[in-house]
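Undergrad: Dropping the structure in here first, questions after.
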Amino acid sequence: MFERDDDTLTDVTARVAASLKAAVRLDAALDARVMAQVSALPAHRPGGWLGRAWSWLRRPRTFALSPLAGLAAAASVAAIVFLAARLGAPPVGAPAGGDRTPVQFLLVAPRAASVMLVGDFNDWTASATPLRTAAGGGLWTVTVPLAPGRYRYAFVVDGKRWQPDPSAPPAPDDEFGSPSSVVTVGGTL
Amino acid sequence: MTALRTAALAAGLTGLLAAQAAGQDPRLERLDPDTRIAVAGLVDSARASGLPAEALIDRALEGAAKQAPASRIISAVTTLLSNLRDVRAALGASATAPELEAGASAIHLGVRPAALTRLRVLRARQPLTIALSVMADLTARGVPADSAAAAVLALAGSLRDDQFLAFRRSVERDIELGAPPAAAASSSVRLGAGSLPMSNGGTSTSMPPRRP
């Protein structure tokens, strides 16, 4: 056994108390380290792959993205939207749908090298509907299936000369300087 | 986080612009920018009113194909939209797109909206497109608008669509033979439906035979 010295005991007690009262300096990265450790611990998850997937989907994340990368992502979204709209548009030359009636268009043009049919049914695209001539006789023809409706059209001879169909009613309003014709296709209108 | 917010904002704005651009008909890209903006506005207005926007696009494309000045294209599309509104007011909300387009041609040539309303009454549960087309075609051939409308109205209760087309051919033939257009129309009306050629079915009408 040892001999007890009251003064020594008092001194030790004071030093222990002083050390306990001293402010503790914590590492600034302590919080991050603790959270990393906590995250690494196995968490309670619903059983099965579906539960794990759901948990993975719900876990919040923080992304770092530069403005340039953001713009690139936005451009990609814009491109997808634009392409989807384009692909959804009706193709050039396709009538509106419904039952279609074959309609023959004729033009006598003995000296023409080419004749094109342009009109509402092909979005006025000059190259979409060429007429053909048999054995160079000057009779140009093409047959186009058209849905019921009223269509304006004209011929383009040799790529530059606009000509209405002489055998069809004229379009009522010649606002663009070169007259067009009208064809009305019957059916359920 | 600031960069992230900036990127998100840019993405939102770009997406909005892309959606707006995607809503515009890609065929309008053939028009010059100023014309395209004006026509797109008219097309949107037509769509909002339930009118056939396709007719407006077709008219703008026709103008572009014929290399018409922008002012003419915009004027033509504006006039067509106005005519379509008048036709719908005359025919009612149930009018189909082909009926509206055919009626717009007739009104553009001077046929009065009241004649269209009368035609609707006379052919209550039948399509009007062919009758309206004939009305417009006769007027375009030189028959005065009131005479053309009167002729079609006189026959509206008795003719089928194919007979209306035969009536139009009859008038055109008389005009080509030298008859004054108004006289040609009235004489064909007097001849009546009984003398006009009949088709077999009468439910579907195709192009008349073309003369070379």
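All residue names refer to the structure tokens as shown: chains lettered A, B, ... in order, residues numbered from 1 in each chain, ligands numbered from 1 in order.
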Which residues come within 10 Å of Ala114 (chain B), counting only C-alpha atoms, excluding same-chain residues fewer than 3 positions away, as number ranges by chain?

TA: B: 87, 89-91, 111, 117-120, 149

Undergrad: Write out as a ChimeraX atom specification all residues of region 21-113 of chain B that backbone DSSP assigns to helix (DSSP H, G or I).

TA: /B:21-23,26-30,33-48,53-65,70-91,97-108,113

Undergrad: Within 6 Å of chain B, which residues of chain A show up when using only C-alpha atoms, listed as a list of chain:residue names?

TA: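 The contacting residues on chain A are A:Leu65, A:Ser66, A:Pro67, A:Gly70, A:Ala74, A:Ala78, A:Phe82, A:Ala85, A:Val103, A:Val108, A:Asp120, A:Trp124, A:Gly149, A:Pro169, A:Pro172, A:Phe176, A:Val185, A:Gly186, A:Gly187, A:Leu189.
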
Undergrad: Find the spatial neighbours of Thr35 (chain B), counting only C-alpha atoms, within a cut-off of 8 Å - ignore same-chain residues fewer than 5 positions away - and output them as a CSV table (one decimal) with N, CA and C atoms, in the first residue's frame.

TA:
```csv
chain,number,residue,atom,x,y,z
B,70,ALA,N,-42.4,38.6,-101.1
B,70,ALA,CA,-42.9,38.3,-99.7
B,70,ALA,C,-44.2,38.9,-99.5
B,71,SER,N,-44.4,40.2,-99.9
B,71,SER,CA,-45.6,40.9,-99.6
B,71,SER,C,-46.8,40.2,-100.3
B,73,ILE,N,-47.0,36.9,-100.9
B,73,ILE,CA,-47.3,35.7,-100.2
B,73,ILE,C,-48.1,35.9,-98.9
B,74,ILE,N,-47.6,36.9,-98.2
B,74,ILE,CA,-48.3,37.2,-96.9
B,74,ILE,C,-49.7,37.7,-97.2
```

Undergrad: If you count only C-alpha atoms, which residues fall within 10 Å of Trp162 (chain A), apart from same-chain ones fewer than 5 positions away, as a VMD selection string?

TA: (chain A and resid 115 to 118 154 to 157 177 to 180) or (chain B and resid 66)

Undergrad: In terms of the shortest atom-to-atom distance over only C-alpha atoms, which of B:Gln163, B:Ile175, B:Ala156, B:Ala182 is closest to Pro144 (chain B)?

TA: B:Ala182

Undergrad: Would you pick out the contacts of Gly41 (chain B) at 12 Å or less, using only C-alpha atoms, so that residues sharing its chain but fewer than 2 positions from it are not included, and give the list as a PyMOL selection string?

TA: chain B and resi 23-25+28+34-39+43-48+53+56-57+74+77-78+81

Undergrad: Could you state the separation of CA of Ser147 (chain B) and CA of Arg123 (chain B) in Å, given to one decimal place?

TA: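 About the pair CA of Ser147 (chain B) and CA of Arg123 (chain B): they are 18.8 Å apart.
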
Undergrad: Could you pull out the residues in region 9-167 of chain A that DSSP calls strand (DSSP E or B) from the backbone, as a ChimeraX atom specification?

TA: /A:101-108,115-119,129-130,132-133,139-146,149-157,161-163

Undergrad: Could you state the separation of CA of Leu107 (chain A) and CA of Asp165 (chain A) in Å, given to one decimal place?

TA: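 For CA of Leu107 (chain A) relative to CA of Asp165 (chain A), the distance reads 7.1 Å.
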
Undergrad: Applying 12 Å and only C-alpha atoms, which residues near Val144 (chain A) remain after dropping the ones on its own chain fewer than 2 positions away? List them as a ChimeraX atom specification.

TA: /A:93-95,100-106,117-119,121-122,128-131,141-142,146-147,183,185 /B:206-207

Undergrad: With C-alpha atoms kept, could you save the residues just selected as a compact mmCIF listing (two decimals), in the first residue's frame?

TA:
```
# COMPACT_ATOMS: atom_id res chain seq x y z
CA GLY A 93 -45.90 14.41 -101.70
CA ALA A 94 -48.10 12.35 -99.42
CA PRO A 95 -51.76 13.28 -99.62
CA ARG A 100 -57.18 7.82 -102.78
CA THR A 101 -58.32 8.08 -106.35
CA PRO A 102 -55.79 7.74 -109.19
CA VAL A 103 -55.86 11.02 -111.09
CA GLN A 104 -54.15 11.32 -114.45
CA PHE A 105 -52.54 14.57 -115.46
CA LEU A 106 -51.78 15.23 -119.13
CA LEU A 117 -46.21 18.45 -111.87
CA VAL A 118 -46.31 20.73 -108.83
CA GLY A 119 -49.21 21.39 -106.54
CA PHE A 121 -50.40 17.40 -103.17
CA ASN A 122 -46.60 17.48 -103.33
CA ALA A 128 -41.25 15.44 -106.79
CA THR A 129 -43.57 14.43 -109.65
CA PRO A 130 -42.06 14.27 -113.14
CA LEU A 131 -44.30 13.52 -116.11
CA THR A 141 -48.57 12.04 -118.44
CA VAL A 142 -48.43 11.09 -114.81
CA LEU A 146 -55.14 11.74 -104.45
CA ALA A 147 -57.34 11.80 -101.39
CA VAL A 183 -58.65 19.59 -109.64
CA VAL A 185 -61.39 14.76 -106.34
CA SER B 206 -62.77 10.93 -110.12
CA MET B 207 -61.14 13.26 -112.56
```

Undergrad: May I ask for the distance between CA of Arg150 (chain A) and CA of Phe167 (chain B), given in Å to one decimal place?

TA: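 Taking CA of Arg150 (chain A) and CA of Phe167 (chain B), their separation equals 17.4 Å.
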